[in-house]
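File shown: final-v3.cif. Contents: mmCIF, C-alpha atoms and all ligand atoms.
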data_structure
#
loop_
_atom_site.group_PDB
_atom_site.id
_atom_site.type_symbol
_atom_site.label_atom_id
_atom_site.label_comp_id
_atom_site.auth_asym_id
_atom_site.auth_seq_id
_atom_site.Cartn_x
_atom_site.Cartn_y
_atom_site.Cartn_z
ATOM 1 C CA MET A 82 6.888 -23.712 -75.540
ATOM 2 C CA GLU A 83 7.411 -27.154 -74.098
ATOM 3 C CA LEU A 84 5.772 -28.627 -70.992
ATOM 4 C CA ARG A 85 8.051 -30.939 -69.019
ATOM 5 C CA GLU A 86 7.041 -32.988 -65.963
ATOM 6 C CA LEU A 87 9.987 -32.805 -63.560
ATOM 7 C CA THR A 88 8.580 -35.004 -60.791
ATOM 8 C CA ALA A 89 5.007 -36.083 -60.121
ATOM 9 C CA ASP A 90 2.754 -33.007 -60.506
ATOM 10 C CA VAL A 91 5.659 -30.575 -60.861
ATOM 11 C CA TYR A 92 6.144 -29.023 -64.296
ATOM 12 C CA ALA A 93 8.266 -26.537 -66.155
ATOM 13 C CA CYS A 94 7.111 -24.724 -69.265
ATOM 14 C CA VAL A 95 10.270 -23.908 -71.160
ATOM 15 C CA GLN A 96 10.609 -21.532 -74.080
ATOM 16 C CA GLU A 97 13.506 -21.758 -76.467
ATOM 17 C CA ASP A 98 15.896 -18.956 -75.548
ATOM 18 C CA ARG A 99 15.765 -16.774 -78.631
ATOM 19 C CA GLY A 100 17.050 -13.610 -76.976
ATOM 20 C CA LEU A 101 15.682 -10.972 -74.639
ATOM 21 C CA GLY A 102 12.355 -11.865 -73.072
ATOM 22 C CA TRP A 103 12.082 -15.616 -73.799
ATOM 23 C CA SER A 104 11.655 -16.871 -70.244
ATOM 24 C CA ASN A 105 10.566 -20.042 -68.419
ATOM 25 C CA SER A 106 7.670 -20.777 -66.066
ATOM 26 C CA GLY A 107 6.730 -23.517 -63.597
ATOM 27 C CA LEU A 108 3.656 -25.223 -62.153
ATOM 28 C CA VAL A 109 3.258 -27.103 -58.889
ATOM 29 C CA ASN A 110 0.009 -28.901 -59.595
ATOM 30 C CA ARG A 111 -1.067 -29.515 -56.017
ATOM 31 C CA GLY A 112 -3.086 -27.698 -53.389
ATOM 32 C CA GLY A 113 -4.999 -25.656 -55.956
ATOM 33 C CA GLY A 114 -1.921 -25.027 -58.082
ATOM 34 C CA LEU A 115 1.019 -22.643 -57.888
ATOM 35 C CA VAL A 116 2.330 -21.071 -61.097
ATOM 36 C CA ILE A 117 5.824 -19.623 -61.041
ATOM 37 C CA ASP A 118 6.101 -16.636 -63.403
ATOM 38 C CA THR A 119 4.089 -15.619 -66.445
ATOM 39 C CA PHE A 120 5.477 -14.924 -69.887
ATOM 40 C CA PHE A 121 6.231 -11.524 -71.434
ATOM 41 C CA ASP A 122 2.936 -10.688 -73.120
ATOM 42 C CA LEU A 123 -0.725 -11.631 -73.010
ATOM 43 C CA SER A 124 -0.713 -13.879 -76.052
ATOM 44 C CA LEU A 125 2.187 -16.010 -74.812
ATOM 45 C CA THR A 126 0.715 -16.126 -71.311
ATOM 46 C CA ARG A 127 -2.653 -17.297 -72.697
ATOM 47 C CA ARG A 128 -0.790 -20.126 -74.405
ATOM 48 C CA LEU A 129 1.003 -20.852 -71.133
ATOM 49 C CA ILE A 130 -2.329 -21.056 -69.282
ATOM 50 C CA ASP A 131 -3.751 -23.326 -71.998
ATOM 51 C CA THR A 132 -0.675 -25.541 -71.716
ATOM 52 C CA TYR A 133 -1.075 -25.874 -67.949
ATOM 53 C CA ALA A 134 -4.798 -26.594 -68.439
ATOM 54 C CA THR A 135 -3.834 -29.824 -70.199
ATOM 55 C CA VAL A 136 -2.616 -31.185 -66.828
ATOM 56 C CA ALA A 137 -4.374 -29.050 -64.184
ATOM 57 C CA PRO A 138 -8.025 -29.490 -63.246
ATOM 58 C CA SER A 139 -8.643 -25.759 -62.787
ATOM 59 C CA PRO A 140 -6.789 -22.419 -62.998
ATOM 60 C CA ALA A 141 -4.021 -22.021 -60.439
ATOM 61 C CA ARG A 142 -4.989 -20.455 -57.142
ATOM 62 C CA ARG A 143 -1.556 -18.947 -56.626
ATOM 63 C CA LEU A 144 0.965 -17.159 -58.841
ATOM 64 C CA LEU A 145 4.507 -16.308 -57.785
ATOM 65 C CA ASN A 146 6.507 -13.572 -59.513
ATOM 66 C CA THR A 147 10.194 -14.344 -58.989
ATOM 67 C CA HIS A 148 10.985 -10.669 -59.732
ATOM 68 C CA HIS A 149 9.596 -7.585 -61.461
ATOM 69 C CA ASN A 150 11.069 -7.817 -64.992
ATOM 70 C CA GLY A 151 8.248 -7.854 -67.529
ATOM 71 C CA ASP A 152 9.157 -11.219 -69.029
ATOM 72 C CA HIS A 153 8.159 -12.809 -65.696
ATOM 73 C CA CYS A 154 5.052 -10.857 -64.722
ATOM 74 C CA TRP A 155 3.408 -8.955 -67.584
ATOM 75 C CA GLY A 156 0.847 -11.744 -67.952
ATOM 76 C CA ASN A 157 -0.307 -11.407 -64.305
ATOM 77 C CA GLN A 158 -3.707 -9.920 -65.171
ATOM 78 C CA LEU A 159 -4.773 -13.193 -66.825
ATOM 79 C CA PHE A 160 -4.585 -15.044 -63.494
ATOM 80 C CA THR A 161 -7.843 -13.500 -62.376
ATOM 81 C CA ALA A 162 -8.598 -16.042 -59.644
ATOM 82 C CA ALA A 163 -5.087 -16.263 -58.239
ATOM 83 C CA GLU A 164 -3.421 -14.818 -55.193
ATOM 84 C CA ILE A 165 -0.305 -13.096 -56.607
ATOM 85 C CA ILE A 166 2.792 -13.488 -54.452
ATOM 86 C CA GLY A 167 6.109 -11.683 -54.709
ATOM 87 C CA HIS A 168 8.742 -9.827 -52.759
ATOM 88 C CA ARG A 169 7.814 -6.407 -51.436
ATOM 89 C CA LEU A 170 10.444 -4.787 -53.712
ATOM 90 C CA CYS A 171 9.161 -6.750 -56.704
ATOM 91 C CA ALA A 172 5.743 -5.193 -56.152
ATOM 92 C CA GLU A 173 7.204 -1.717 -55.605
ATOM 93 C CA ARG A 174 9.367 -1.765 -58.717
ATOM 94 C CA MET A 175 6.984 -3.285 -61.213
ATOM 95 C CA GLY A 176 6.943 -1.026 -64.270
ATOM 96 C CA THR A 177 9.595 1.357 -62.981
ATOM 97 C CA ASP A 178 12.372 0.352 -65.395
ATOM 98 C CA SER A 179 10.253 -0.064 -68.506
ATOM 99 C CA SER A 180 6.588 -0.021 -69.304
ATOM 100 C CA PRO A 181 4.549 -1.992 -71.837
ATOM 101 C CA GLU A 182 3.090 1.239 -73.226
ATOM 102 C CA VAL A 183 6.498 2.722 -74.080
ATOM 103 C CA LEU A 184 7.736 -0.502 -75.675
ATOM 104 C CA GLN A 185 4.560 -0.781 -77.724
ATOM 105 C CA VAL A 186 4.807 2.815 -78.991
ATOM 106 C CA VAL A 187 8.335 2.179 -80.280
ATOM 107 C CA LYS A 188 7.291 -1.125 -81.837
ATOM 108 C CA ASP A 189 4.279 0.476 -83.529
ATOM 109 C CA GLN A 190 6.487 3.198 -84.958
ATOM 110 C CA LEU A 191 8.833 0.593 -86.418
ATOM 111 C CA ASP A 192 5.941 -1.516 -87.703
ATOM 112 C CA SER A 193 4.672 1.529 -89.566
ATOM 113 C CA GLY A 194 8.006 1.618 -91.394
ATOM 114 C CA ASP A 195 9.056 4.855 -89.749
ATOM 115 C CA SER A 196 12.309 4.520 -87.869
ATOM 116 C CA SER A 197 13.345 8.095 -88.577
ATOM 117 C CA GLY A 198 14.464 9.893 -85.472
ATOM 118 C CA LEU A 199 15.175 6.656 -83.615
ATOM 119 C CA PRO A 200 18.821 6.000 -82.803
ATOM 120 C CA PRO A 201 20.073 2.647 -84.135
ATOM 121 C CA HIS A 202 20.360 1.034 -80.688
ATOM 122 C CA ILE A 203 16.685 1.757 -79.981
ATOM 123 C CA THR A 204 15.724 0.360 -83.371
ATOM 124 C CA ALA A 205 17.757 -2.769 -82.566
ATOM 125 C CA LEU A 206 16.150 -3.122 -79.143
ATOM 126 C CA ALA A 207 12.670 -2.794 -80.598
ATOM 127 C CA GLY A 208 13.672 -5.345 -83.242
ATOM 128 C CA ALA A 209 14.590 -7.798 -80.476
ATOM 129 C CA PHE A 210 11.019 -7.445 -79.212
ATOM 130 C CA ALA A 211 9.437 -7.855 -82.649
ATOM 131 C CA GLU A 212 7.651 -11.092 -81.769
ATOM 132 C CA PHE A 213 6.055 -9.759 -78.587
ATOM 133 C CA ASP A 214 2.850 -7.740 -78.410
ATOM 134 C CA PHE A 215 2.709 -5.406 -75.428
ATOM 135 C CA ALA A 216 -0.776 -4.033 -76.171
ATOM 136 C CA GLY A 217 -3.360 -4.387 -73.430
ATOM 137 C CA ILE A 218 -0.945 -5.223 -70.620
ATOM 138 C CA GLU A 219 -2.038 -3.801 -67.274
ATOM 139 C CA LEU A 220 0.598 -4.030 -64.578
ATOM 140 C CA THR A 221 -0.799 -6.204 -61.799
ATOM 141 C CA PRO A 222 1.659 -6.302 -58.887
ATOM 142 C CA PRO A 223 1.707 -8.989 -56.204
ATOM 143 C CA THR A 224 -0.484 -8.358 -53.179
ATOM 144 C CA THR A 225 0.830 -11.139 -50.944
ATOM 145 C CA LEU A 226 4.238 -9.757 -50.092
ATOM 146 C CA ILE A 227 7.356 -11.611 -48.959
ATOM 147 C CA ASP A 228 10.099 -10.059 -46.866
ATOM 148 C CA ASP A 229 12.395 -13.008 -46.139
ATOM 149 C CA ARG A 230 10.497 -16.168 -46.974
ATOM 150 C CA LEU A 231 7.079 -17.756 -47.208
ATOM 151 C CA ASP A 232 6.519 -21.484 -46.837
ATOM 152 C CA LEU A 233 3.510 -23.034 -48.538
ATOM 153 C CA ASP A 234 1.953 -26.414 -47.870
ATOM 154 C CA LEU A 235 0.278 -27.583 -51.067
ATOM 155 C CA ASP A 236 -1.581 -30.737 -50.038
ATOM 156 C CA GLY A 237 1.471 -31.950 -48.160
ATOM 157 C CA THR A 238 4.060 -30.653 -50.644
ATOM 158 C CA ARG A 239 6.329 -28.077 -49.077
ATOM 159 C CA VAL A 240 7.269 -25.117 -51.247
ATOM 160 C CA GLU A 241 9.773 -22.641 -49.841
ATOM 161 C CA LEU A 242 9.655 -19.179 -51.382
ATOM 162 C CA ILE A 243 12.988 -17.671 -50.386
ATOM 163 C CA TYR A 244 14.223 -14.097 -50.866
ATOM 164 C CA VAL A 245 17.789 -14.129 -52.197
ATOM 165 C CA GLY A 246 18.156 -10.519 -53.377
ATOM 166 C CA PRO A 247 19.213 -7.963 -54.134
ATOM 167 C CA ALA A 248 21.006 -10.050 -56.745
ATOM 168 C CA HIS A 249 19.622 -9.920 -60.302
ATOM 169 C CA THR A 250 17.027 -7.372 -59.163
ATOM 170 C CA ALA A 251 15.974 -5.867 -55.841
ATOM 171 C CA GLY A 252 13.267 -8.433 -55.144
ATOM 172 C CA ASP A 253 14.510 -11.867 -56.276
ATOM 173 C CA VAL A 254 12.602 -14.856 -54.898
ATOM 174 C CA VAL A 255 13.217 -18.524 -55.724
ATOM 175 C CA ALA A 256 10.835 -21.459 -55.271
ATOM 176 C CA HIS A 257 12.357 -24.555 -53.693
ATOM 177 C CA LEU A 258 10.647 -27.924 -53.283
ATOM 178 C CA PRO A 259 12.991 -29.694 -50.864
ATOM 179 C CA GLU A 260 11.350 -33.130 -50.959
ATOM 180 C CA GLU A 261 11.157 -33.136 -54.752
ATOM 181 C CA GLY A 262 14.653 -31.698 -55.202
ATOM 182 C CA VAL A 263 13.356 -29.061 -57.599
ATOM 183 C CA LEU A 264 14.414 -25.406 -57.678
ATOM 184 C CA PHE A 265 12.875 -22.621 -59.767
ATOM 185 C CA THR A 266 15.443 -19.829 -59.746
ATOM 186 C CA GLY A 267 13.887 -17.025 -61.781
ATOM 187 C CA ASP A 268 16.723 -14.944 -63.212
ATOM 188 C CA ILE A 269 19.188 -15.809 -60.476
ATOM 189 C CA CYS A 270 20.230 -18.390 -63.065
ATOM 190 C CA PHE A 271 20.427 -17.949 -66.828
ATOM 191 C CA ARG A 272 21.490 -21.199 -68.514
ATOM 192 C CA ASN A 273 23.840 -21.028 -71.499
ATOM 193 C CA CYS A 274 22.723 -17.443 -71.788
ATOM 194 C CA THR A 275 24.452 -14.190 -70.874
ATOM 195 C CA PRO A 276 22.778 -12.709 -67.792
ATOM 196 C CA ILE A 277 21.816 -9.109 -67.234
ATOM 197 C CA GLY A 278 21.885 -7.650 -63.741
ATOM 198 C CA TRP A 279 19.757 -4.684 -62.699
ATOM 199 C CA GLU A 280 19.737 -3.747 -59.022
ATOM 200 C CA GLY A 281 21.923 -5.649 -56.557
ATOM 201 C CA THR A 282 25.587 -6.518 -56.431
ATOM 202 C CA PHE A 283 27.921 -9.185 -57.728
ATOM 203 C CA GLY A 284 28.571 -10.224 -54.132
ATOM 204 C CA THR A 285 24.940 -10.828 -53.222
ATOM 205 C CA TRP A 286 24.241 -12.553 -56.541
ATOM 206 C CA MET A 287 27.199 -14.907 -56.145
ATOM 207 C CA ALA A 288 26.275 -15.568 -52.505
ATOM 208 C CA ALA A 289 22.730 -16.372 -53.626
ATOM 209 C CA LEU A 290 24.088 -18.893 -56.137
ATOM 210 C CA ASP A 291 26.294 -20.454 -53.449
ATOM 211 C CA GLY A 292 23.311 -20.750 -51.127
ATOM 212 C CA LEU A 293 21.164 -22.348 -53.825
ATOM 213 C CA THR A 294 23.948 -24.758 -54.758
ATOM 214 C CA ALA A 295 24.123 -25.801 -51.089
ATOM 215 C CA LEU A 296 20.441 -26.746 -51.232
ATOM 216 C CA GLY A 297 21.542 -29.547 -53.563
ATOM 217 C CA PRO A 298 18.605 -29.583 -55.977
ATOM 218 C CA ASP A 299 18.407 -32.394 -58.523
ATOM 219 C CA VAL A 300 16.604 -30.215 -61.053
ATOM 220 C CA VAL A 301 17.091 -26.484 -61.620
ATOM 221 C CA VAL A 302 14.672 -24.513 -63.775
ATOM 222 C CA PRO A 303 16.481 -21.300 -64.738
ATOM 223 C CA GLY A 304 14.738 -18.083 -65.688
ATOM 224 C CA HIS A 305 16.093 -18.414 -69.204
ATOM 225 C CA GLY A 306 17.534 -21.363 -71.100
ATOM 226 C CA PRO A 307 17.262 -25.117 -70.709
ATOM 227 C CA ILE A 308 16.626 -27.059 -67.503
ATOM 228 C CA CYS A 309 19.822 -28.061 -65.722
ATOM 229 C CA GLY A 310 21.254 -29.213 -62.383
ATOM 230 C CA VAL A 311 23.554 -27.517 -59.896
ATOM 231 C CA ASP A 312 26.108 -27.257 -62.704
ATOM 232 C CA GLY A 313 24.031 -24.383 -64.050
ATOM 233 C CA LEU A 314 24.268 -22.546 -60.723
ATOM 234 C CA VAL A 315 28.021 -23.093 -60.498
ATOM 235 C CA GLU A 316 28.683 -21.910 -64.053
ATOM 236 C CA MET A 317 26.538 -18.824 -63.507
ATOM 237 C CA ARG A 318 28.549 -17.974 -60.418
ATOM 238 C CA ASP A 319 31.815 -18.518 -62.279
ATOM 239 C CA TYR A 320 30.685 -16.177 -65.062
ATOM 240 C CA LEU A 321 29.895 -13.438 -62.564
ATOM 241 C CA GLY A 322 33.208 -13.897 -60.767
ATOM 242 C CA HIS A 323 35.111 -13.779 -64.041
ATOM 243 C CA VAL A 324 33.388 -10.612 -65.244
ATOM 244 C CA ARG A 325 33.829 -8.910 -61.892
ATOM 245 C CA SER A 326 37.570 -9.585 -61.677
ATOM 246 C CA GLU A 327 38.187 -8.701 -65.336
ATOM 247 C CA SER A 328 36.187 -5.500 -64.953
ATOM 248 C CA ALA A 329 38.293 -4.479 -61.965
ATOM 249 C CA ILE A 330 41.447 -4.620 -64.114
ATOM 250 C CA HIS A 331 39.996 -2.343 -66.788
ATOM 251 C CA HIS A 332 38.393 -0.045 -64.237
ATOM 252 C CA ARG A 333 41.844 0.479 -62.711
ATOM 253 C CA GLU A 334 43.172 1.348 -66.144
ATOM 254 C CA GLY A 335 40.374 3.884 -66.605
ATOM 255 C CA ARG A 336 38.987 2.216 -69.722
ATOM 256 C CA PRO A 337 35.487 2.990 -70.917
ATOM 257 C CA VAL A 338 33.111 0.046 -70.615
ATOM 258 C CA VAL A 339 32.968 -0.854 -74.303
ATOM 259 C CA GLU A 340 36.769 -0.807 -74.548
ATOM 260 C CA ALA A 341 36.937 -3.072 -71.499
ATOM 261 C CA CYS A 342 34.456 -5.449 -73.079
ATOM 262 C CA LYS A 343 36.564 -5.682 -76.231
ATOM 263 C CA ARG A 344 39.481 -6.861 -74.131
ATOM 264 C CA ILE A 345 37.735 -9.349 -71.867
ATOM 265 C CA ASP A 346 38.313 -12.942 -72.922
ATOM 266 C CA LEU A 347 34.987 -14.639 -72.301
ATOM 267 C CA GLY A 348 36.402 -18.110 -72.890
ATOM 268 C CA PRO A 349 33.581 -20.672 -72.787
ATOM 269 C CA TYR A 350 31.033 -17.971 -71.959
ATOM 270 C CA GLY A 351 31.533 -16.558 -75.436
ATOM 271 C CA ARG A 352 29.418 -19.464 -76.656
ATOM 272 C CA TRP A 353 26.491 -18.509 -74.416
ATOM 273 C CA ASN A 354 23.521 -16.864 -76.028
ATOM 274 C CA GLU A 355 24.007 -13.140 -76.715
ATOM 275 C CA PRO A 356 27.511 -12.658 -75.286
ATOM 276 C CA TRP A 357 27.295 -9.009 -76.340
ATOM 277 C CA ARG A 358 25.140 -8.294 -73.265
ATOM 278 C CA LEU A 359 28.472 -8.064 -71.439
ATOM 279 C CA PRO A 360 28.403 -4.227 -71.085
ATOM 280 C CA PHE A 361 25.404 -4.540 -68.753
ATOM 281 C CA ASN A 362 27.569 -6.550 -66.379
ATOM 282 C CA VAL A 363 30.717 -4.466 -66.761
ATOM 283 C CA HIS A 364 28.722 -1.280 -66.113
ATOM 284 C CA ARG A 365 27.411 -2.958 -62.984
ATOM 285 C CA ALA A 366 30.922 -3.854 -61.835
ATOM 286 C CA TYR A 367 32.111 -0.302 -62.514
ATOM 287 C CA ARG A 368 29.206 1.115 -60.495
ATOM 288 C CA GLU A 369 30.175 -1.082 -57.564
ATOM 289 C CA LEU A 370 33.833 -0.113 -57.843
ATOM 290 C CA ASP A 371 32.775 3.536 -57.903
ATOM 291 C CA GLY A 372 30.800 3.017 -54.701
ATOM 292 C CA VAL A 373 27.396 3.585 -56.284
ATOM 293 C CA ALA A 374 24.589 2.168 -54.131
ATOM 294 C CA TRP A 375 23.035 -1.094 -55.357
ATOM 295 C CA ASP A 376 19.609 0.439 -55.732
ATOM 296 C CA GLU A 377 20.654 3.650 -57.500
ATOM 297 C CA PRO A 378 18.519 4.055 -60.672
ATOM 298 C CA ILE A 379 20.405 3.113 -63.837
ATOM 299 C CA ASP A 380 20.131 4.499 -67.347
ATOM 300 C CA ALA A 381 19.328 1.240 -69.108
ATOM 301 C CA LEU A 382 19.020 2.816 -72.553
ATOM 302 C CA ALA A 383 22.490 4.347 -72.278
ATOM 303 C CA ILE A 384 23.829 0.931 -71.310
ATOM 304 C CA TYR A 385 21.961 -0.600 -74.203
ATOM 305 C CA ARG A 386 23.786 1.790 -76.529
ATOM 306 C CA ASP A 387 27.035 0.181 -75.322
ATOM 307 C CA VAL A 388 25.509 -3.263 -75.821
ATOM 308 C CA PHE A 389 24.671 -2.279 -79.384
ATOM 309 C CA ASP A 390 28.211 -0.996 -80.015
ATOM 310 C CA PHE A 391 29.746 -4.119 -78.511
ATOM 311 C CA ARG A 392 27.446 -6.344 -80.537
ATOM 312 C CA GLU A 393 28.631 -4.621 -83.718
ATOM 313 C CA HIS A 394 32.196 -5.199 -82.621
ATOM 314 C CA TRP A 395 31.519 -8.834 -81.670
ATOM 315 C CA ASN A 396 29.918 -9.551 -84.991
ATOM 316 C CA ARG A 397 32.902 -8.068 -86.807
ATOM 317 C CA GLY A 398 35.103 -10.704 -85.177
ATOM 318 C CA ARG A 399 36.241 -9.248 -81.861
ATOM 319 C CA THR A 400 39.486 -7.755 -83.135
ATOM 320 C CA VAL A 401 41.070 -5.592 -80.477
ATOM 321 C CA THR A 402 41.744 -2.094 -81.750
HETATM 322 ZN ZN ZN A 501 14.043 -12.668 -67.360
#
Structure re-expressed in structure tokens:
Amino acid sequence: MELRELTADVYACVQEDRGLGWSNSGLVNRGGGLVIDTFFDLSLTRRLIDTYATVAPSPARRLLNTHHNGDHCWGNQLFTAAEIIGHRLCAERMGTDSSPEVLQVVKDQLDSGDSSGLPPHITALAGAFAEFDFAGIELTPPTTLIDDRLDLDLDGTRVELIYVGPAHTAGDVVAHLPEEGVLFTGDICFRNCTPIGWEGTFGTWMAALDGLTALGPDVVVPGHGPICGVDGLVEMRDYLGHVRSESAIHHREGRPVVEACKRIDLGPYGRWNEPWRLPFNVHRAYRELDGVAWDEPIDALAIYRDVFDFREHWNRGRTVT
């Protein structure tokens, strides 16, 4: 992980994007300190805290969770002295789509050399999490809850915590420092990395990106991938628009999701990290086209089976059958 000072007293801690779960964090080192997102497990979050301790006089008094996915909040319990802030739906949904205990059981089974009985897509998913350790994680939801926005004054530095969901998830919040021109987006923006959407709609996600672009930040810290500018927001929006319109064509033709994915020309987005996550986004488009409500529970493991199939296809060279 790399600590970068963006402007005076404002930092990002960036992890190299090596696949699912390698996320970014931020620190506003004023007014007692505000940390934006933890990492995925306790060991990585301890290293994050140690990294921030090299520039901060004491542990942060506030922690924001941009949303409820584990790679942004499963280190919460280590911020023992902090007020934990998040959207009301972030707090409600924490642990509902996956739990550290379940992930650890599957990992332990694989570590023991016994993958019998596990379908290959589950084995692959657990393999993607091989470097994380989910033992000991206790879900610790935010207790200071945001509905629309919360403005903080950190020794004269304004920090706007703005709800922009449901976009990537139900409870997406970004942190904007208007005077510094810095924006921490959480997973509203993945940079050079294929996004995954959970609850929400393409429309609200794209509108969120338009709204954030209009803020005109100089520096954007995405939830995953390298630091960028507004170009990262614009490209993310373009990706979503492209996938939505392509999905509509294949939905009309009645094609199953994986077959649609095989036919979608990703163009420059094919060079983003893990392009085979595409079925997550096509499934989402299909749900919208079928009139499914944005907050309807989804079967993520079934979708992951399609991701696994599409990844096999992608790695064979993307020949259309
Ligand atoms: Zn994430």
- request: Grab the CA of Asp98 (chain A) to CA of Asp376 (chain A) distance for me, in Å with one decimal place.
  value: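 Straight-line distance from CA of Asp98 (chain A) to CA of Asp376 (chain A) works out to 28.0 Å.
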Result set, the PyMOL selection byres (((chain A and resi 385-396) around 8) and not hetatm) on current file, as a list in words: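 Output of the PyMOL selection byres (((chain A and resi 385-396) around 8) and not hetatm): His202, Ile203, Ala205, Val338, Val339, Cys342, Lys343, Trp357, Arg358, Leu359, Pro360, Phe361, Ala381, Leu382, Ala383, Ile384, Arg397, Gly398, Arg399 and Thr400 of chain A.
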- request: List the residues selected by the PyMOL selection byres (((not hetatm)) within 12 of (chain A and resi 501)) in the file shown, writing them as a PyMOL selection string.
  value: chain A and resi 96+98+100-106+118-121+146-155+249-250+253+266-272+274-279+303-306
Running the PyMOL selection byres (((chain A and resi 140) around 12) and not hetatm) on this model by hand, what would come out? Give it as a PDB file with C-alpha atoms, keeping the file's coordinate frame.
ATOM      1  CA  LEU A 108       3.656 -25.223 -62.153  1.00  0.00           C
ATOM      2  CA  VAL A 109       3.258 -27.103 -58.889  1.00  0.00           C
ATOM      3  CA  ASN A 110       0.009 -28.901 -59.595  1.00  0.00           C
ATOM      4  CA  ARG A 111      -1.067 -29.515 -56.017  1.00  0.00           C
ATOM      5  CA  GLY A 112      -3.086 -27.698 -53.389  1.00  0.00           C
ATOM      6  CA  GLY A 113      -4.999 -25.656 -55.956  1.00  0.00           C
ATOM      7  CA  GLY A 114      -1.921 -25.027 -58.082  1.00  0.00           C
ATOM      8  CA  LEU A 115       1.019 -22.643 -57.888  1.00  0.00           C
ATOM      9  CA  VAL A 116       2.330 -21.071 -61.097  1.00  0.00           C
ATOM     10  CA  ARG A 127      -2.653 -17.297 -72.697  1.00  0.00           C
ATOM     11  CA  LEU A 129       1.003 -20.852 -71.133  1.00  0.00           C
ATOM     12  CA  ILE A 130      -2.329 -21.056 -69.282  1.00  0.00           C
ATOM     13  CA  ASP A 131      -3.751 -23.326 -71.998  1.00  0.00           C
ATOM     14  CA  THR A 132      -0.675 -25.541 -71.716  1.00  0.00           C
ATOM     15  CA  TYR A 133      -1.075 -25.874 -67.949  1.00  0.00           C
ATOM     16  CA  ALA A 134      -4.798 -26.594 -68.439  1.00  0.00           C
ATOM     17  CA  THR A 135      -3.834 -29.824 -70.199  1.00  0.00           C
ATOM     18  CA  VAL A 136      -2.616 -31.185 -66.828  1.00  0.00           C
ATOM     19  CA  ALA A 137      -4.374 -29.050 -64.184  1.00  0.00           C
ATOM     20  CA  PRO A 138      -8.025 -29.490 -63.246  1.00  0.00           C
ATOM     21  CA  SER A 139      -8.643 -25.759 -62.787  1.00  0.00           C
ATOM     22  CA  ALA A 141      -4.021 -22.021 -60.439  1.00  0.00           C
ATOM     23  CA  ARG A 142      -4.989 -20.455 -57.142  1.00  0.00           C
ATOM     24  CA  ARG A 143      -1.556 -18.947 -56.626  1.00  0.00           C
ATOM     25  CA  LEU A 144       0.965 -17.159 -58.841  1.00  0.00           C
ATOM     26  CA  LEU A 159      -4.773 -13.193 -66.825  1.00  0.00           C
ATOM     27  CA  PHE A 160      -4.585 -15.044 -63.494  1.00  0.00           C
ATOM     28  CA  THR A 161      -7.843 -13.500 -62.376  1.00  0.00           C
ATOM     29  CA  ALA A 162      -8.598 -16.042 -59.644  1.00  0.00           C
ATOM     30  CA  ALA A 163      -5.087 -16.263 -58.239  1.00  0.00           C
ATOM     31  CA  GLU A 164      -3.421 -14.818 -55.193  1.00  0.00           C
TER      32      GLU A 164
END
Within 6 Å of region 224-244 of chain A, which residues of region 146-183 of chain A show up? Give each one with its shortest atom-to-atom distance in Å (one decimal) and the two atoms involved, counting all atoms listed in the file, rows by chain then rising residue number, as a tab-separated table.
residue	atom	partner	partner_atom	distance
A:Ile165	CA	A:Thr224	CA	5.9
A:Ile166	CA	A:Thr225	CA	4.7
A:Gly167	CA	A:Leu226	CA	5.3
A:His168	CA	A:Ile227	CA	4.4
A:Arg169	CA	A:Leu226	CA	5.1
message: What's around region 316-330 of chain A at 6 Å? Count only C-alpha atoms, leave out sequence neighbours fewer than 5 positions away in its own chain, and write the answer as a ChimeraX atom specification.
response: /A:287,363,366
message: Taking 4 positions as the minimum chain separation for residues in the same chain, which residues sit within 8 Å of Asp122 (chain A) when counting all atoms listed in the file? Answer as a PyMOL selection string.
response: chain A and resi 126+152+155-156+213-215+218
query: Which polymer residues have any atom within 12 Å of an atom of Thr88 (chain A), counting all atoms listed in the file, with same-chain residues fewer than 2 positions away left out, as a ChimeraX atom specification?
result: /A:85-86,90-93,107-110,238,258,260-264,299-300
- prompt: Taking all atoms listed in the file into account, which of A:Glu377, A:Glu355, A:Glu212, A:Asp346 comes nearest Asp192 (chain A)?
  reply: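 Using all atoms listed in the file, the shortest distance to Asp192 (chain A) belongs to A:Glu212.
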query: So how many Å separate CA of Leu170 (chain A) and CA of Gln158 (chain A), to one decimal?
result: 18.9 Å
- request: Would you mind reading off the distance between CA of Asn362 (chain A) and CA of Leu293 (chain A), one decimal, in Å?
  value: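 Between these atoms lies a distance of 21.2 Å.
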message: Using only C-alpha atoms for the distances, tell me which of A:Asp380, A:Val373, A:Gly335, A:Pro298 is nearest to Leu87 (chain A).
response: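 Closest candidate: A:Pro298.
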Please complete region 335-339 of chain A so it has N, CA and C atoms, and hand it over as a short mmCIF file (atom, residue, chain, number, x, y, z; two decimals), in the coordinates of the input.
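Saved as part-v4.cif:
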data_model
loop_
_atom_site.label_atom_id
_atom_site.label_comp_id
_atom_site.auth_asym_id
_atom_site.auth_seq_id
_atom_site.Cartn_x
_atom_site.Cartn_y
_atom_site.Cartn_z
N GLY A 335 41.19 2.75 -66.17
CA GLY A 335 40.37 3.88 -66.60
C GLY A 335 39.73 3.71 -67.97
N ARG A 336 39.55 2.47 -68.39
CA ARG A 336 38.99 2.22 -69.72
C ARG A 336 37.47 2.38 -69.73
N PRO A 337 36.95 2.98 -70.77
CA PRO A 337 35.49 2.99 -70.92
C PRO A 337 34.95 1.56 -71.03
N VAL A 338 33.69 1.39 -70.71
CA VAL A 338 33.11 0.05 -70.61
C VAL A 338 33.24 -0.74 -71.93
N VAL A 339 32.92 -0.10 -73.04
CA VAL A 339 32.97 -0.85 -74.30
C VAL A 339 34.40 -1.29 -74.61
#
